[in-house]
Amino acid sequence: MIRAFTFDGQTIPIQPSPLFKPHGKALFAGDSMTLLVGPNGCGKTRALVSLASTFSGATSNDKNISHVNWDSPQEHLETCAIYYTPVPYHIDTPKNGHRFRSIKTSLSNASAPLSTKHREIANELKAEFGLDARRTLALQNLSQRSLEDLMSRVLSSRSGVVDPWIEPFRIKYNNLLKQMREHREASAASRNRSKYELFNQQNEKLVREFSIELRKNIGQEFSLRIRAYQFSRSGRTPSSSAEKQLLEELGFTLNSAPSKQATVPRKNFVIAINLFQTIAKIINDPWLAKNTYQVDDDQVERLEALPLNKLGQVTLTGLSSGAAALIHQFSSINTACEELLLHNTNRKLLLLIDEGDAFLHLAWQQQYIDYLDKTVHRLKRKFESVQIVIASHSPILMSDFPRECIFLLNNRDWIEDLLESGAAPIPSASFGAPLDAVVRHVGQTGTMGKFAARVIRQLLKDIDEGMSVDMQRVEMIGDPIIKRQIIKTLNERQQWASEE
């Protein structure tokens, strides 16, 4: 196990989990659980990254790599590490290797939907935190743009479509194109923006009317076939023969029969139709009239067995930022552990979590360490030892750690620490302590915001200078001791503002 590591000249101890006598039961499930605390800029993230660098294969002469004090030299070769942060900003971390995984929530994957691979963790978190993680099947949208594209192709003279119901639309469409062309060819002085807006409105109306009539002609399979058409036309533009085959699949009558040999787009159309029909049976909607469907466990299992690809995606929806962050965090850690365990030499785990409580409400912060401890308990079934180092600003997380498991970082360099005392400060109150005490002694700050403090100081200054005070300025103060003392002083001095 790791006993300590150095960072910026400081030795940060990694204390074993406290034991309770006489049975020797450990407080935490982890072999050690260490909390790094300190103000912004004190180096919490840099400390974690420097420790992570030990496992990344970086050269030993890199100044950013920590010196680690191990129980035995052999343990270094048996230990792997995971660094996790939910903060979506660029942080330079070591490269992944067979002994290290870095997990960061980048701005790109933060916007990606959570897939069903997170389902197991989501169900567990639902029980622990009460979060809502519904499963949704999201199909490829039926868009106005795709219907407009289909209309333009059908009404083109090159399409060869000869259905009688098409002709009135073709006349309107050609007239609209003619007007737009004449307007573009006019001099710049005679053009106006409102004319273009009018053309757009007329075109939208035409697309809507065309789609309504097309739906009548296709029938109840309208949604199925249009979705299959969209899928088969994605990618490269189909050839003229392929385009006619697709129009024929949609039920249009052509003036000449297309090639009998099926083109790739037509094959894709048939594949898509068959898949959509299977999906329709699973979700009990034969016509797939909607773009999204809520699905249960049985439906998810059956959908995941299909090669959906671009036809649709099963995702977790209805998530708050905190719920998404929790699911991503613990799912990613589980996945990283499974990957590291593929290497037989990785028998011990070091888990580095940087601001893991970010995005969590206070109530969920209260549950965070408890759930993390349960997670570590499960990891101990796979690893011989598990050590955790966490960086956080949360006083609630601080109250879950005994003071010997907390290390206070500051903004001073090691020379300043050496000249002042040479000893790392130890918090006087933490585990189970009142939050105001934790904020003062561990968070090393006050319990009142700077703005409120400034307003109260101004109130005291006004009282001291003999000015009259409006009662409302006093009533808004939430601290009963401060409020009571101010009211007492005002009553003695009779400085209340008179009511009109």
# chains A, B, ... in the order shown; residues from 1 in each chain; ligands from 1
>>> residues_around(residues="Ile486 in chain A", least_positions_apart="3", cutoff="9 Å", atoms="only C-alpha atoms", output="list in words")
Leu460, Ile463, Val474, Ile481, Ile482, Lys483, Thr489, Leu490 and Asn491 of chain A
>>> closest_atom_pairs(of="range 47-163 of chain A", to="range 245-264 of chain A", cutoff="7 Å", atoms="only C-alpha atoms", output="JSON lines")
{"residue": "A:Gly160", "atom": "CA", "partner": "A:Leu254", "partner_atom": "CA", "distance": 5.1}
{"residue": "A:Val161", "atom": "CA", "partner": "A:Leu254", "partner_atom": "CA", "distance": 4.5}
{"residue": "A:Val162", "atom": "CA", "partner": "A:Leu254", "partner_atom": "CA", "distance": 5.7}
{"residue": "A:Asp163", "atom": "CA", "partner": "A:Thr253", "partner_atom": "CA", "distance": 5.7}
>>> closest_residue(among="A:Ala363, A:Ala280, A:Leu48, A:Val314", to="Val389 in chain A", atoms="only C-alpha atoms")
A:Leu48
>>> atom_distance(atom1="CA of Thr34 in chain A", atom2="CA of Ser321 in chain A")
26.2 Å
>>> select_by_dssp(residues="range 360-401 of chain A", states="alpha helix (DSSP H)", output="PyMOL selection string")
chain A and resi 362-379+395-398
>>> select_by_dssp(residues="range 28-186 of chain A", states="strand (DSSP E)", output="list in words")
Ser32, Met33, Thr34, Leu35, Leu36, Val37, Val68, Asn69, Trp70, Thr79, Cys80, Ala81, Ile82, Tyr83, Tyr84, Thr85, Phe100, Arg101, Ser102, Ile103, Lys104, Leu114, Ser115, Arg134, Arg135, Thr136, Leu137, Ala138 and Leu139 of chain A
>>> closest_residue(among="A:Gln329, A:Ser17, A:Gln299, A:Ser430", to="Val87 in chain A", atoms="only C-alpha atoms")
A:Gln329
>>> atom_distance(atom1="CA of Asp354 in chain A", atom2="CA of Ser392 in chain A")
6.8 Å
>>> atom_distance(atom1="CA of Ile327 in chain A", atom2="CA of Arg347 in chain A")
25.3 Å
